[in-house]
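Quick notes on the structure that follows.
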Amino acid sequence: MARAEIPTKRPLIAVLSAIRKEGNSPLNGFEQGLKELGYVDGLSVDIVYRFAEGHLDRFPALAAELVGLRPDVILATVTPAAVATRALTTSIPIVCPLLADAINLGLISSEARPGGNVTGVSFRTQGLTGKQVELALQMIPDVVKLGYLVNVATGVIIDRQELESTCRKLGIQAVAAEVRSPGDLEAAFQAMADDHVRAVIVLVDGMLFSERNRIAVLAATARLPAIYGFRDHVDAGGLASYGVNLSENFHRAAIYVNKILKGAQPGDLPVEFPTKLELIVNNKAAKALGLNIPPSILVRADEVIE
């Protein structure tokens, strides 16, 4: 398929997503943001999609397909998608609503002035993963071993480093459960259960987000209280989350796309940071695990699911 086959001069937006479109509330936030700015697919703009469906090793091939269409801008929904796309083009603007470790990965020169063809919104702030560890200790008594689920196929290591550093400072043993694909999840949870960890941190990742329903079931079956970075995991049955609102990040990404379509250069658009972090608690999941959530946590929570 070539750009010439699209019989219109409407702007073309390409979307490279880590997960499928069905039930993809963050992507819905992006599309809603575009509509609010006057962009309607098939009328004022054309949007093409490629979905990795949780398999991040598909990003290079899917990115090549999208770059070949010569779009006006590419929405790379997660950092590994931005890395795969940036490896193929330095001219097509790339907007990422979930940037992480972007300077070390060579995507931008600085947050204030990215300088190249990549910009977007960060999904983390300094110390966020450490706060998730502290939340686990406040919610779950007698934590000596803390397990954490990490997808080592992504190449993003900043959250892992921060978690391990926090555990060392707090005198907690951090036990890694490394996965590379959805097929590794069951063994990972079994290993953490066998290692008698008292709680689990599920590090932010596209594949783990895609598998959030299954992860919630595995954590409940292993009777492992788990803390997540996004509320979507809690909606799926997880215990608690502390982090940014995904849909809001994607909604803000639409503003970047609008500015670029109106002539702005991505290298001149500063990376934005979360202005609000939200704490979501699933009291129903807590009761199933035999946990009594401290009142101090419930009072702080932005939402408590009963």
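A note on labels: chains of the structure tokens are A, B, ... as shown, every chain counts residues from 1, and ligands are counted from 1 in their shown order.
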Do you know which residues are at most 12 Å from A:Ile158 counting only C-alpha atoms, after dropping those on the same chain fewer than 6 positions away, and could you put them as a PyMOL selection string? chain A and resi 99-105+124-130+150+152+164-165+203-205
A:Ala222 surroundings by only C-alpha atoms, 8 Å radius, close-in-sequence under 6 positions cut, as a ChimeraX atom specification: /A:189-190,193
Report as a list in words all protein, DNA and RNA residues lying within 8 Å of A:Leu98, evaluated on only C-alpha atoms, omitting residues in the same chain fewer than 2 positions from it.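 Surrounding residues, per the criterion: Thr77, Val78, Thr79, Cys96, Ala100, Gly120, Val121, Ser122, Phe123 and Asn249 of chain A.
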Among stretch 266-299 of chain A, which ones does DSSP place in helix (DSSP H, G or I), written as a PyMOL selection string? chain A and resi 266-268+283-288+295-299
Hey, which of A:Gly23, A:Gly238, A:Pro60, A:Pro225 ends up closest to A:Arg212? Count only C-alpha atoms.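 Of the candidates, the smallest distance to A:Arg212 is held by A:Gly238.
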A:Val40, A:Ala52, A:Ile94, A:Val244 ranked by distance to A:Arg231, top pick (using only C-alpha atoms):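 Closest to A:Arg231, using only C-alpha atoms: A:Val244.
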Shell of 7 Å around stretch 41-46 of chain A, only C-alpha atoms, local chain residues under 4 positions omitted, as a PyMOL selection string: chain A and resi 10-13
Write a file of the just-selected residues containing N, CA and C atoms, as a short mmCIF file (atom, residue, chain, number, x, y, z; two decimals), in the first residue's frame.
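That gives us again17.cif:
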```cif
data_model
loop_
_atom_site.label_atom_id
_atom_site.label_comp_id
_atom_site.auth_asym_id
_atom_site.auth_seq_id
_atom_site.Cartn_x
_atom_site.Cartn_y
_atom_site.Cartn_z
N ARG A 10 -6.19 14.80 2.33
CA ARG A 10 -6.33 14.98 3.77
C ARG A 10 -5.04 14.56 4.48
N PRO A 11 -4.73 15.19 5.62
CA PRO A 11 -3.56 14.76 6.39
C PRO A 11 -3.69 13.29 6.79
N LEU A 12 -2.56 12.60 6.82
CA LEU A 12 -2.56 11.19 7.20
C LEU A 12 -1.85 11.02 8.53
N ILE A 13 -2.56 10.46 9.49
CA ILE A 13 -2.00 10.14 10.80
C ILE A 13 -1.84 8.64 10.90
#
```
Which residue out of A:Arg113, A:Lys131, A:Lys284, A:His251 has the minimum interatomic distance to A:Leu269 when only C-alpha atoms are used?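 For A:Leu269, the nearest of the candidates is A:Arg113.
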Give me, as a count of residues only, all polymer residues having an atom no more than 9 Å from A:Ala18, counting only C-alpha atoms and skipping those fewer than 6 positions away in the same chain. 17
For A:Arg223: contacts at 12 Å, only C-alpha atoms, fewer than 6 positions along chain excluded, given as a list in words: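 Everything that qualifies: Phe189, Gln190, Met192, Ala193, Asp194, His196, Val197, Arg198, Ala199, Val200, Ile215, Ala216, Val217, Gly238, Leu239, Ala285, Ala286, Lys287, Ala288, Leu289, Gly290 and Leu291 of chain A.
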Could you pull out all residues of stretch 109-297 of chain A with a DSSP call of strand (DSSP E) and give them as an MDAnalysis selection string? chainID A and resid 118:122 145:151 173:179 199:202 226:228 240:243 278:282
Between A:Leu261, A:Val271, A:Leu298, A:Leu185, which residue has the minimum interatomic distance to A:Ser110, considering only C-alpha atoms?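 Ranked by minimum distance to A:Ser110, first place goes to A:Val271.
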Between A:Met139, A:Leu16, A:Leu224, A:Val133, which has the minimum distance to A:Gln173 (counting only C-alpha atoms)?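 Checking each candidate against A:Gln173, we get A:Val133 as the closest.
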Can you tell me, as a count of residues only, what residues are no more than 10 Å from A:Asp57 when counting only C-alpha atoms, ignoring any on the same chain fewer than 6 positions away? 7
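Going from atom CA of A:Phe273 over to atom CA of A:Gly38, you cover 24.8 Å.
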For A:Ile92, which residue out of A:Ala14, A:Lys9, A:Pro141, A:Gly106 is the nearest one, using only C-alpha atoms?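 Answer, going by the shortest atom-to-atom distance: A:Ala14.
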Rounded to one decimal place, report the atom CA of A:Ala61-atom CA of A:Ala254 distance in Å.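 Rounded to one decimal, the two atoms are 24.5 Å apart.
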